[in-house]
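So this block is start_10.txt, compact mmCIF, C-alpha atoms:
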```
# COMPACT_ATOMS: atom_id res chain seq x y z
CA MET N 1 12.11 64.63 95.23
CA LEU N 2 14.66 62.22 93.78
CA SER N 3 17.36 61.09 96.18
CA TYR N 4 19.74 58.19 96.66
CA GLU N 5 18.21 54.95 97.89
CA PRO N 6 20.48 52.08 99.02
CA GLY N 7 20.00 48.86 97.13
CA ASP N 8 21.65 45.95 95.36
CA SER N 9 20.51 46.51 91.79
CA LEU N 10 22.84 46.33 88.81
CA ALA N 11 23.05 50.12 88.63
CA HIS N 12 24.01 50.30 92.32
CA ARG N 13 27.06 48.14 91.59
CA LEU N 14 28.25 50.26 88.66
CA ASP N 15 31.07 52.76 88.91
CA PRO N 16 29.62 56.31 88.95
CA ARG N 17 31.93 57.28 86.08
CA ALA N 18 30.36 54.63 83.87
CA LYS N 19 26.88 55.90 84.78
CA LEU N 20 27.91 59.48 84.06
CA ALA N 21 29.22 58.38 80.66
CA VAL N 22 25.85 56.80 79.86
CA GLN N 23 24.04 59.96 80.95
CA VAL N 24 26.16 62.31 78.86
CA THR N 25 26.09 60.20 75.71
CA PHE N 26 22.36 59.55 76.09
CA ALA N 27 21.67 63.29 76.26
CA ALA N 28 23.86 63.82 73.18
CA ALA N 29 22.01 61.09 71.28
CA ALA N 30 18.65 62.57 72.34
CA LEU N 31 19.68 65.91 70.87
CA ALA N 32 20.94 64.27 67.68
CA TYR N 33 18.01 61.93 67.00
CA THR N 34 14.74 63.86 67.13
CA THR N 35 12.64 61.58 64.90
CA PRO N 36 9.90 59.38 66.38
CA MET N 37 11.90 56.24 65.57
CA GLY N 38 15.04 57.63 67.18
CA LEU N 39 13.15 58.61 70.33
CA LEU N 40 11.51 55.18 70.39
CA VAL N 41 14.93 53.49 70.46
CA LEU N 42 16.14 55.92 73.10
CA GLY N 43 12.98 55.20 75.11
CA VAL N 44 13.92 51.53 75.17
CA VAL N 45 17.39 52.48 76.42
CA ALA N 46 15.87 54.73 79.11
CA LEU N 47 13.57 51.93 80.28
CA GLY N 48 16.59 49.63 80.40
CA CYS N 49 18.39 52.13 82.65
CA LEU N 50 15.40 52.27 84.99
CA ARG N 51 15.21 48.50 84.99
CA ALA N 52 18.89 48.25 85.90
CA ALA N 53 18.27 50.75 88.71
CA ASN N 54 15.17 48.83 89.91
CA THR N 55 13.19 52.08 89.64
CA SER N 56 9.71 52.44 88.19
CA VAL N 57 8.72 55.00 85.58
CA ARG N 58 5.87 56.21 87.79
CA ALA N 59 8.15 56.88 90.76
CA SER N 60 10.58 58.78 88.55
CA LEU N 61 7.92 60.89 86.84
CA SER N 62 6.38 61.80 90.19
CA ALA N 63 9.43 63.99 90.81
CA LEU N 64 8.77 65.71 87.48
CA LYS N 65 5.10 66.44 88.20
CA PHE N 66 5.64 70.19 88.40
CA ALA N 67 7.12 70.29 84.90
CA VAL N 68 4.70 67.82 83.29
CA PRO N 69 1.94 70.42 82.69
CA PHE N 70 4.38 72.64 80.78
CA LEU N 71 5.63 69.67 78.73
CA LEU N 72 2.04 68.78 77.85
CA LEU N 73 0.95 72.33 77.11
CA ALA N 74 3.88 73.19 74.85
CA PRO N 75 2.62 71.17 71.82
CA ILE N 76 -0.94 72.41 72.36
CA VAL N 77 0.08 76.07 72.53
CA GLU N 78 2.29 75.69 69.46
CA GLY N 79 -0.48 74.07 67.43
CA VAL N 80 -3.28 76.48 68.34
CA THR N 81 -4.04 79.26 65.84
CA LEU N 82 -6.22 82.34 66.17
CA GLY N 83 -8.29 81.44 63.13
CA SER N 84 -9.49 78.48 61.15
CA PRO N 85 -8.54 75.61 61.41
CA TRP N 86 -7.81 76.63 65.08
CA PHE N 87 -5.31 73.82 65.55
CA VAL N 88 -2.51 72.69 63.21
CA PRO N 89 -1.23 69.21 64.19
CA SER N 90 1.96 69.56 62.12
CA ASP N 91 3.02 72.59 64.20
CA ALA N 92 2.67 70.58 67.40
CA ILE N 93 4.89 67.67 66.30
CA ASP N 94 8.29 69.24 67.00
CA PRO N 95 7.33 70.54 70.50
CA ALA N 96 5.84 67.14 71.33
CA LEU N 97 9.05 65.38 70.32
CA ALA N 98 11.06 67.89 72.35
CA SER N 99 8.91 67.20 75.41
CA ILE N 100 9.40 63.47 74.99
CA ARG N 101 13.15 64.04 74.69
CA VAL N 102 13.20 65.96 77.98
CA VAL N 103 11.29 63.17 79.74
CA LEU N 104 13.67 60.48 78.45
CA VAL N 105 16.76 62.39 79.58
CA PHE N 106 15.14 62.90 82.97
CA LEU N 107 14.41 59.18 83.34
CA VAL N 108 18.06 58.28 82.76
CA ALA N 109 19.12 60.97 85.24
CA ALA N 110 16.62 59.58 87.77
CA ALA N 111 18.22 56.15 87.48
CA TYR N 112 21.59 57.73 88.26
CA VAL N 113 20.39 59.75 91.25
CA ARG N 114 18.53 56.78 92.77
CA THR N 115 21.61 54.53 92.66
CA THR N 116 24.58 56.83 93.31
CA PRO N 117 25.60 58.20 96.74
CA VAL N 118 26.51 61.88 96.85
CA ARG N 119 30.10 61.14 97.88
CA ASP N 120 30.54 58.82 94.90
CA SER N 121 29.25 61.50 92.53
CA ARG N 122 31.71 63.99 93.98
CA ALA N 123 34.56 61.50 93.70
CA ALA N 124 33.66 60.75 90.07
CA VAL N 125 33.59 64.43 89.11
CA GLN N 126 36.91 65.16 90.82
CA ARG N 127 38.60 62.22 89.11
CA LEU N 128 37.24 63.14 85.69
CA VAL N 129 38.14 66.86 85.97
CA PRO N 130 41.64 67.37 87.43
CA GLY N 131 42.85 70.25 89.59
CA ARG N 132 40.98 72.85 91.60
CA VAL N 133 38.29 73.08 88.90
CA GLY N 134 37.34 69.46 89.46
CA ILE N 135 37.32 69.93 93.22
CA MET N 136 35.03 72.93 92.94
CA LEU N 137 32.71 71.04 90.58
CA GLY N 138 32.68 68.05 92.92
CA VAL N 139 31.84 70.23 95.91
CA GLY N 140 29.12 71.96 93.89
CA VAL N 141 27.56 68.64 92.86
CA SER N 142 27.55 67.32 96.43
CA LEU N 143 26.05 70.53 97.81
CA VAL N 144 23.33 70.63 95.17
CA PHE N 145 22.28 67.04 95.85
CA ARG N 146 22.19 67.70 99.59
CA PHE N 147 20.75 71.22 99.51
CA LEU N 148 17.85 70.91 97.05
CA PRO N 149 15.82 68.39 99.10
CA LEU N 150 16.16 70.67 102.14
CA VAL N 151 15.01 73.72 100.17
CA ARG N 152 12.01 71.83 98.84
CA ARG N 153 11.16 70.65 102.36
CA ASP N 154 11.38 74.21 103.66
CA LEU N 155 9.03 75.45 100.94
CA LEU N 156 6.51 72.74 101.81
CA ARG N 157 6.68 73.73 105.46
CA VAL N 158 6.10 77.39 104.59
CA ARG N 159 3.06 76.40 102.51
CA GLU N 160 1.70 74.25 105.35
CA ALA N 161 2.19 77.08 107.82
CA GLN N 162 0.38 79.50 105.51
CA ALA N 163 -2.49 77.06 105.05
CA ALA N 164 -2.78 76.62 108.82
CA ARG N 165 -3.16 80.41 109.12
CA LEU N 166 -5.86 80.54 106.42
CA GLY N 167 -3.30 81.71 103.90
CA THR N 168 -5.28 79.92 101.21
CA GLU N 169 -7.88 82.68 101.50
CA ARG N 170 -5.41 85.26 100.22
CA ARG N 171 -4.98 86.19 96.59
CA LEU N 172 -2.67 84.09 94.45
CA HIS N 173 0.10 86.69 94.10
CA GLU N 174 0.07 87.28 97.87
CA ARG N 175 0.43 83.56 98.56
CA LEU N 176 3.26 83.27 96.07
CA SER N 177 5.12 86.24 97.54
CA LEU N 178 4.77 84.91 101.09
CA VAL N 179 5.97 81.43 100.16
CA ALA N 180 8.86 82.82 98.11
CA ALA N 181 9.93 85.21 100.89
CA GLY N 182 9.73 82.49 103.52
CA GLY N 183 11.63 80.05 101.32
CA LEU N 184 14.38 82.57 100.63
CA ARG N 185 14.79 83.38 104.32
CA ARG N 186 15.14 79.71 105.19
CA SER N 187 17.54 79.12 102.27
CA PHE N 188 19.82 81.98 103.34
CA ALA N 189 19.72 80.73 106.93
CA ARG N 190 20.71 77.24 105.76
CA ALA N 191 23.50 78.70 103.62
CA ASP N 192 24.88 80.57 106.65
CA SER N 193 24.71 77.41 108.74
CA LEU N 194 26.45 75.47 105.99
CA ALA N 195 29.27 78.03 105.76
CA LEU N 196 29.74 77.90 109.55
CA ALA N 197 29.74 74.08 109.50
CA LEU N 198 32.37 74.00 106.75
CA ARG N 199 34.63 76.36 108.71
CA ALA N 200 34.10 74.38 111.91
CA ARG N 201 35.11 71.19 110.13
CA CYS N 202 38.19 72.80 108.53
CA PHE N 203 36.95 72.36 104.98
CA ALA N 204 39.89 71.09 102.91
CA TRP N 205 40.65 70.85 99.23
CA ASN N 206 41.83 67.25 99.53
CA PRO N 207 39.15 65.32 101.44
CA THR N 208 39.24 61.54 101.70
CA LEU N 209 36.86 60.31 99.04
CA PRO N 210 35.67 56.76 98.37
CA GLU N 211 37.85 54.65 96.11
CA LEU N 212 36.42 54.14 92.64
CA ARG N 213 37.30 51.10 90.58
CA PHE N 214 35.87 49.76 87.33
CA GLY N 215 34.56 46.22 87.55
CA ARG N 216 33.19 43.64 85.18
CA HIS N 217 29.69 45.07 85.54
CA ASP N 218 30.89 48.43 84.18
CA PHE N 219 31.95 47.20 80.75
CA PRO N 220 28.39 46.74 79.38
CA ALA N 221 27.54 50.25 80.57
CA LEU N 222 30.67 51.64 78.93
CA LEU N 223 29.77 49.82 75.70
CA VAL N 224 26.29 51.39 75.81
CA ALA N 225 27.87 54.81 76.35
CA LEU N 226 30.28 54.22 73.49
CA GLY N 227 27.46 53.17 71.17
CA LEU N 228 25.36 56.20 72.08
CA GLY N 229 28.34 58.50 71.58
CA ILE N 230 29.17 57.03 68.16
CA ALA N 231 25.51 57.26 67.11
CA ALA N 232 25.36 60.94 68.14
CA ILE N 233 28.58 61.76 66.25
CA LEU N 234 27.40 59.91 63.13
CA SER N 235 24.14 61.83 63.18
CA LEU N 236 25.98 65.14 63.37
CA VAL N 237 28.34 64.15 60.57
CA ILE N 238 25.52 63.01 58.30
CA SER N 239 23.44 66.11 58.96
CA ALA N 240 26.44 68.33 58.23
```
Any chance you could give the structure as structure tokens?
Amino acid sequence: MLSYEPGDSLAHRLDPRAKLAVQVTFAAAALAYTTPMGLLVLGVVALGCLRAANTSVRASLSALKFAVPFLLLAPIVEGVTLGSPWFVPSDAIDPALASIRVVLVFLVAAAYVRTTPVRDSRAAVQRLVPGRVGIMLGVGVSLVFRFLPLVRRDLLRVREAQAARLGTERRLHERLSLVAAGGLRRSFARADSLALALRARCFAWNPTLPELRFGRHDFPALLVALGLGIAAILSLVISA
């Protein structure tokens, strides 16, 4: 599961707003440029983001291992036919490019998550979106980043407990129902504990958040975001 890791890489020193700008414009460019050459250029940008975050491709893709089979099967399923010639390569091209696009967007997101503390992400969202809407979005982002690893850990513990009780001997649908029921119970219990903790700490709408300030390291990232944004807009204008 991806989570923040302290470090001193270039991406660690960037303002979270600059990294969010790169993420958003990269996703827009990935949707606009779906050709192999366009995805190749975007792949270089994604590798550059991982390099700046001092994160390997293998470590990032390990968090995507549950989705990888579906990304690999999508082109195969699309290209298979019920009769001769049994497989049409041209039908599998678009799904394959779409799968590559998803992986590239995920790699850039992984670079952000690895190098950005949760409090900084919340502060960036609340400064970009003013008012109560921004506060709610910031709280939602911080809770998601903190809650998802706990939910995943709970599910793994339920699976381990079932395996220790010879749960692996049960049928597949029985195992799935038991794991899902156990995971839901633990998730609801954690949600109740979270609500109680927020009330006990007098949850406020105006918490003290870390100060954000653009520095000299942020300007190259902002230029990359600007270039990606312009490229995405040009693609939409040309295609229209």
**OP:** Rank N:Leu236, N:Val45, N:Leu212, N:Ala32 by their smallest atom-to-atom distance to Gln126 in chain N, using only C-alpha atoms, and report the top residue only.
**Re:**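 Closest candidate: N:Leu212.
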Subject >> Residue among N:Ala52, N:Pro210, N:Ser193, N:Val151 lying closest to Leu14 in chain N, counting only C-alpha atoms >> reply: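 With only C-alpha atoms as the atom set, the closest residue is N:Ala52.
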**OP:** Have a look at N:Leu39, N:Val88, N:Ala67, N:Val108 and name the one nearest to Thr25 in chain N; count all atoms listed in the file.
**Re:**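 So, comparing all the options, the nearest one is N:Val108.
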Original post:
Of the candidates N:Ala123, N:Leu42, N:Ile76, N:Leu156, which shows the shortest atom-to-atom distance to Val103 in chain N, using only C-alpha atoms?
Top reply: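 Residue with the minimum atom-to-atom distance to Val103 in chain N: N:Leu42.
Each of N:Leu178, N:Ala28, N:Leu184, N:Ala74 was checked against Leu104 in chain N using all atoms listed in the file; the smallest atom-to-atom distance is that of N:Ala28.
Using only C-alpha atoms, the smallest distance between any of N:Asp91, N:Val80, N:Ser3, N:Ile100 and Gly38 in chain N comes from N:Ile100.
Residue neighbourhood of Glu5 in chain N, excluding near-sequence residues (fewer than 2 positions): Ser3, Gly7, Arg114 and Thr115 of chain N, at 7 Å, using all atoms listed in the file.
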Extract, using only C-alpha atoms, all DNA, RNA and protein residues at most 9 Å from Gln162 in chain N, discarding same-chain residues fewer than 6 positions from it, and format them as a PDB file with C-alpha atoms, keeping the file's coordinate frame.
```pdb
ATOM      1  CA  THR N 168      -5.280  79.920 101.210  1.00  0.00           C
ATOM      2  CA  ARG N 175       0.430  83.560  98.560  1.00  0.00           C
ATOM      3  CA  LEU N 178       4.770  84.910 101.090  1.00  0.00           C
ATOM      4  CA  VAL N 179       5.970  81.430 100.160  1.00  0.00           C
TER       5      VAL N 179
END
```
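Taking CA of Val41 in chain N as the reference point, CA of Leu228 in chain N is found at 10.9 Å.
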